[in-house]
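Structure, as structure tokens:
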Amino acid sequence: MKKEDIQQISVIGAGQMGHQIAMLCALGGYETILQDIQESALEKAESTLHSIMDKWVKKSKLTEEAKQAAFARLKFTSSLERAASHADFIIEAVVEKLEVKRELFARVDQLAKPHAILASNSSTIVNSLIASATNREDKVVNMHFFFPPLVMDCVEVVMSENTSNETAELTMDVCKTINRTAVLLKKEISGFIANRILGALQREAVFLYEEGYASYEDIDIICRKALNHPIGPFELMDLSGIDVGYYVMQQRYAESGDPADKPFACIEQKVRQGDLGRKTGKGWYTYQKEEVKK
């Protein structure tokens, strides 16, 4: 398959990552389908995207004509069969749980065209653990976007031993077409690059907090003022979603068995309480109901 053969992209999962990834694909000129099993999620995604794109037009980041053309290319469906069977390239953006991803990939593998590439937006799970649920391991790849995808200009493209060079090259081509800087990792490791570095910082920050060396507010201040980070590690957890980080730690611990990878007690407590960060109005900090700036 050549890059010109990729005409339609489907994104599975309309959550905080999926709907923005789909918009990037539509803006890049691809016929795009955004699929989610919940109609309410699709309705929210469409409304949110119109709001974001309207702001882009007002700020002259996008013309009205380009916005209308992108939405004309973007379709919404609750049918996995429709989304998977029509696509040349499929991006999974569902919950960060291995068993959920494997089940989805197995179903998509049966529905998709033989040439279709299956990409996972997982932030930590290596694609070899997912690809074995399919009959096309050479066409499975990691395509890790960063939150929020419409703002963050980076994608980690990760190969397993079974991912073909063609699959990796086509994924890099897609990234270029949707105006995102892609970095290719030819060797896979749980967490990839960015999240392993970020995870080390967050683990140390939570350790210092739990051991009583400083409050989480003061740790954030030190990271912002002394290290010149745009936001502190606890603020970043709230932005990304505390549950997302929790699932990442659970998966890492399941793979390694290393107690150092086990989720911290304070993180587990917040997930149990439903205090997941900005999306719920409360995490480490309390937030008024407002959109994340785009």
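Here, A, B, ... name the chains of the structure tokens in the order displayed, residue numbers run from 1 inside each chain, and ligands are numbered from 1 in the same displayed order.
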* Any idea what's packed within 6 Å of Ile9 (chain A), counting only C-alpha atoms, ignoring anything in its chain fewer than 3 positions away? Could you give it as a list in words? ->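 The filter keeps Thr32, Ala87, Phe89 and Ile90 of chain A.
The neighbours of Thr77 (chain A) here are the residues that come within 12 Å of it, using only C-alpha atoms and leaving out any residue fewer than 4 positions away in the same chain; they are Ser10, Val11, Ile12, Gly13, Ala14, Thr32, Ile33, Leu34, Gln35, Asp36, Ile37, Gln38, Glu39, Ser40, Ala41, Leu42, Glu43, Ala45, Glu46, Glu81, Arg82, Ala83 and Ala84 of chain A.
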Please, which residues in region 174-209 of chain A fall within 12 Å of region 218-239 of chain A when counting only C-alpha atoms, and what is the closest atom pair and distance in Å to one decimal for each, ordered by chain then residue number, as a tab-separated table?
```
residue	atom	partner	partner_atom	distance
A:Asn195	CA	A:Met237	CA	12.0
A:Ile197	CA	A:Pro233	CA	11.9
A:Leu198	CA	A:Pro233	CA	8.5
A:Gly199	CA	A:Pro233	CA	9.4
A:Ala200	CA	A:Pro233	CA	10.5
A:Leu201	CA	A:Pro233	CA	7.4
A:Gln202	CA	A:Pro233	CA	5.8
A:Arg203	CA	A:Pro233	CA	9.3
A:Glu204	CA	A:Pro233	CA	9.7
A:Ala205	CA	A:Ile219	CA	6.9
A:Val206	CA	A:Phe234	CA	8.3
A:Phe207	CA	A:Ile219	CA	10.9
A:Leu208	CA	A:Ile219	CA	8.3
A:Tyr209	CA	A:Ile219	CA	7.8
```
Residues as selected, all heavy atoms, written as a short mmCIF file (atom, residue, chain, number, x, y, z; two decimals), in the first residue's frame, can you do that?
```cif
data_model
loop_
_atom_site.label_atom_id
_atom_site.label_comp_id
_atom_site.auth_asym_id
_atom_site.auth_seq_id
_atom_site.Cartn_x
_atom_site.Cartn_y
_atom_site.Cartn_z
N ASN A 195 6.28 9.36 28.24
CA ASN A 195 5.63 8.97 29.49
C ASN A 195 6.56 8.28 30.47
O ASN A 195 6.30 8.27 31.68
CB ASN A 195 4.41 8.11 29.21
CG ASN A 195 3.20 8.95 28.85
OD1 ASN A 195 3.16 10.14 29.15
ND2 ASN A 195 2.21 8.35 28.22
N ILE A 197 9.70 9.31 30.91
CA ILE A 197 10.36 10.45 31.54
C ILE A 197 9.39 11.17 32.46
O ILE A 197 9.71 11.50 33.62
CB ILE A 197 10.90 11.40 30.45
CG1 ILE A 197 12.02 10.70 29.67
CG2 ILE A 197 11.41 12.70 31.08
CD1 ILE A 197 12.49 11.47 28.45
N LEU A 198 8.17 11.40 31.97
CA LEU A 198 7.15 12.06 32.77
C LEU A 198 6.79 11.23 34.00
O LEU A 198 6.61 11.76 35.10
CB LEU A 198 5.91 12.30 31.92
CG LEU A 198 4.72 12.97 32.61
CD1 LEU A 198 5.10 14.35 33.11
CD2 LEU A 198 3.54 13.05 31.66
N GLY A 199 6.69 9.91 33.80
CA GLY A 199 6.34 9.03 34.92
C GLY A 199 7.36 9.07 36.03
O GLY A 199 7.02 9.02 37.22
N ALA A 200 8.64 9.15 35.66
CA ALA A 200 9.69 9.24 36.69
C ALA A 200 9.53 10.52 37.51
O ALA A 200 9.68 10.49 38.75
CB ALA A 200 11.06 9.22 36.02
N LEU A 201 9.19 11.62 36.85
CA LEU A 201 8.97 12.88 37.56
C LEU A 201 7.75 12.78 38.47
O LEU A 201 7.80 13.19 39.64
CB LEU A 201 8.77 14.01 36.54
CG LEU A 201 8.35 15.36 37.11
CD1 LEU A 201 9.44 15.95 37.98
CD2 LEU A 201 7.97 16.33 35.99
N GLN A 202 6.66 12.21 37.95
CA GLN A 202 5.44 12.12 38.75
C GLN A 202 5.60 11.17 39.93
O GLN A 202 5.09 11.45 41.03
CB GLN A 202 4.28 11.67 37.86
CG GLN A 202 3.84 12.75 36.87
CD GLN A 202 2.62 12.34 36.08
OE1 GLN A 202 2.30 11.15 35.96
NE2 GLN A 202 1.93 13.32 35.51
N ARG A 203 6.30 10.06 39.73
CA ARG A 203 6.52 9.13 40.85
C ARG A 203 7.29 9.81 41.98
O ARG A 203 6.97 9.65 43.16
CB ARG A 203 7.26 7.88 40.38
CG ARG A 203 6.41 6.88 39.64
CD ARG A 203 7.10 5.54 39.49
NE ARG A 203 8.32 5.63 38.71
CZ ARG A 203 8.35 5.55 37.38
NH1 ARG A 203 7.22 5.39 36.70
NH2 ARG A 203 9.49 5.62 36.73
N GLU A 204 8.31 10.56 41.62
CA GLU A 204 9.10 11.26 42.65
C GLU A 204 8.26 12.33 43.32
O GLU A 204 8.33 12.52 44.55
CB GLU A 204 10.35 11.88 42.03
CG GLU A 204 11.32 12.49 43.03
CD GLU A 204 11.93 11.47 43.99
OE1 GLU A 204 11.91 10.26 43.67
OE2 GLU A 204 12.41 11.88 45.06
N ALA A 205 7.44 13.04 42.55
CA ALA A 205 6.58 14.08 43.12
C ALA A 205 5.59 13.50 44.11
O ALA A 205 5.39 14.04 45.21
CB ALA A 205 5.85 14.82 42.00
N VAL A 206 4.95 12.38 43.75
CA VAL A 206 3.97 11.75 44.64
C VAL A 206 4.66 11.17 45.87
O VAL A 206 4.14 11.25 46.99
CB VAL A 206 3.16 10.66 43.89
CG1 VAL A 206 2.25 9.92 44.87
CG2 VAL A 206 2.33 11.29 42.77
N PHE A 207 5.85 10.59 45.69
CA PHE A 207 6.62 10.08 46.83
C PHE A 207 6.90 11.20 47.83
O PHE A 207 6.69 11.04 49.04
CB PHE A 207 7.92 9.47 46.34
CG PHE A 207 8.92 9.19 47.46
CD1 PHE A 207 8.78 8.07 48.27
CD2 PHE A 207 9.98 10.06 47.69
CE1 PHE A 207 9.68 7.82 49.31
CE2 PHE A 207 10.88 9.82 48.72
CZ PHE A 207 10.73 8.69 49.53
N LEU A 208 7.36 12.33 47.35
CA LEU A 208 7.68 13.47 48.23
C LEU A 208 6.44 13.98 48.94
O LEU A 208 6.49 14.37 50.12
CB LEU A 208 8.33 14.58 47.41
CG LEU A 208 9.71 14.27 46.85
CD1 LEU A 208 10.13 15.33 45.84
CD2 LEU A 208 10.75 14.15 47.97
N TYR A 209 5.30 13.94 48.24
CA TYR A 209 4.04 14.37 48.85
C TYR A 209 3.58 13.37 49.92
O TYR A 209 3.25 13.75 51.04
CB TYR A 209 2.97 14.53 47.77
CG TYR A 209 1.56 14.56 48.31
CD1 TYR A 209 1.09 15.65 49.02
CD2 TYR A 209 0.71 13.46 48.12
CE1 TYR A 209 -0.20 15.67 49.53
CE2 TYR A 209 -0.58 13.46 48.62
CZ TYR A 209 -1.04 14.57 49.32
OH TYR A 209 -2.31 14.58 49.83
#
```
* Using DSSP on the backbone coordinates, identify the residues of region 53-208 of chain A assigned to helix (DSSP H, G or I); present them as a ChimeraX atom specification. => /A:53-58,64-73,80-85,98-111,127-131,137-139,165-177,194-208
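Of the listed residues A:His144, A:Lys282, A:Lys3, A:Arg272, the one whose atoms come nearest to Arg180 (chain A) is A:His144, with distances taken using only C-alpha atoms.
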* Out of A:Lys97, A:Thr177, A:Ser47, A:Pro114, which residue has the shortest atom-to-atom distance to Ala26 (chain A) when counting only C-alpha atoms? -> A:Thr177
* Which value, in Å to one decimal, gives the distance between CA of Glu65 (chain A) and CA of Ile178 (chain A)? -> 17.5 Å
* Asked: So which residues of region 76-181 of chain A fall under strand (DSSP E or B) by DSSP, listed as a PyMOL selection string?
  -> chain A and resi 76-77+89-92+117-120+140-145+155-158
Mind writing the picked residues with N, CA, C and O atoms as a compact mmCIF listing (two decimals), in the first residue's frame?
```txt
# COMPACT_ATOMS: atom_id res chain seq x y z
N PHE A 76 -20.01 10.62 11.94
CA PHE A 76 -20.12 10.06 13.28
C PHE A 76 -21.02 8.83 13.23
O PHE A 76 -22.05 8.84 12.57
N THR A 77 -20.61 7.76 13.92
CA THR A 77 -21.41 6.55 13.91
C THR A 77 -21.21 5.75 15.20
O THR A 77 -20.13 5.80 15.81
N PHE A 89 -7.18 3.00 7.28
CA PHE A 89 -6.31 3.22 8.45
C PHE A 89 -7.22 3.43 9.64
O PHE A 89 -8.14 4.26 9.59
N ILE A 90 -7.02 2.68 10.71
CA ILE A 90 -7.91 2.72 11.87
C ILE A 90 -7.09 3.06 13.11
O ILE A 90 -6.07 2.43 13.39
N ILE A 91 -7.55 4.06 13.86
CA ILE A 91 -6.87 4.49 15.08
C ILE A 91 -7.76 4.19 16.28
O ILE A 91 -8.88 4.69 16.37
N GLU A 92 -7.26 3.38 17.18
CA GLU A 92 -7.99 3.05 18.42
C GLU A 92 -7.67 4.07 19.50
O GLU A 92 -6.51 4.38 19.74
N ILE A 117 -4.41 -0.69 8.11
CA ILE A 117 -3.47 -0.60 9.23
C ILE A 117 -4.25 -0.31 10.50
O ILE A 117 -5.17 0.51 10.51
N LEU A 118 -3.88 -0.98 11.59
CA LEU A 118 -4.53 -0.79 12.88
C LEU A 118 -3.54 -0.13 13.84
O LEU A 118 -2.51 -0.72 14.17
N ALA A 119 -3.85 1.09 14.26
CA ALA A 119 -2.95 1.85 15.13
C ALA A 119 -3.60 2.06 16.50
O ALA A 119 -4.80 2.32 16.59
N SER A 120 -2.79 1.94 17.54
CA SER A 120 -3.28 2.18 18.90
C SER A 120 -2.73 3.50 19.44
O SER A 120 -1.54 3.77 19.35
N VAL A 140 0.05 -3.66 12.61
CA VAL A 140 -0.33 -3.04 13.87
C VAL A 140 0.83 -2.20 14.38
O VAL A 140 1.99 -2.61 14.34
N VAL A 141 0.51 -1.00 14.88
CA VAL A 141 1.54 -0.04 15.28
C VAL A 141 1.00 0.84 16.40
O VAL A 141 -0.22 1.00 16.54
N ASN A 142 1.89 1.40 17.20
CA ASN A 142 1.47 2.43 18.16
C ASN A 142 1.53 3.79 17.48
O ASN A 142 2.47 4.10 16.75
N MET A 143 0.52 4.60 17.75
CA MET A 143 0.46 5.96 17.23
C MET A 143 -0.03 6.83 18.39
O MET A 143 -1.22 7.13 18.51
N HIS A 144 0.91 7.21 19.24
CA HIS A 144 0.57 7.86 20.50
C HIS A 144 0.53 9.38 20.36
O HIS A 144 1.56 10.04 20.25
N PHE A 145 -0.68 9.94 20.37
CA PHE A 145 -0.88 11.38 20.39
C PHE A 145 -0.80 11.87 21.83
O PHE A 145 -0.97 11.11 22.78
N VAL A 155 3.76 13.04 17.92
CA VAL A 155 3.18 11.70 17.92
C VAL A 155 4.33 10.70 18.02
O VAL A 155 5.30 10.78 17.26
N GLU A 156 4.23 9.77 18.96
CA GLU A 156 5.20 8.68 19.07
C GLU A 156 4.69 7.50 18.24
O GLU A 156 3.64 6.94 18.54
N VAL A 157 5.43 7.15 17.20
CA VAL A 157 5.11 5.99 16.37
C VAL A 157 6.06 4.87 16.78
O VAL A 157 7.28 5.02 16.68
N VAL A 158 5.49 3.76 17.26
CA VAL A 158 6.32 2.71 17.85
C VAL A 158 6.11 1.38 17.13
O VAL A 158 4.98 0.92 16.99
```
* Mind checking which residues fall within 12 Å of region 51-55 of chain A, counting only C-alpha atoms, ignoring those fewer than 6 positions away in the same chain, and posting them as an MDAnalysis selection string? => chainID A and resid 19:20 23:24 26:27 44:45 61:71 148 150:151 291:294
* **Point-to-point distance in Å for CA of Asn179 (chain A) and CA of Val126 (chain A)** =>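 These atoms are spaced 24.2 Å apart.
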* Between CA of Ile242 (chain A) and CA of Asp258 (chain A), what is the distance, to one decimal in Å? ->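 These atoms are spaced 20.9 Å apart.
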* Find the spatial neighbours of Glu210 (chain A), counting only C-alpha atoms, within a cut-off of 9 Å - ignore same-chain residues fewer than 4 positions away - and output them as a list of chain:residue names. => A:Ala205, A:Val206, A:Ala214, A:Ser215, A:Phe264, A:Ala265, A:Cys266
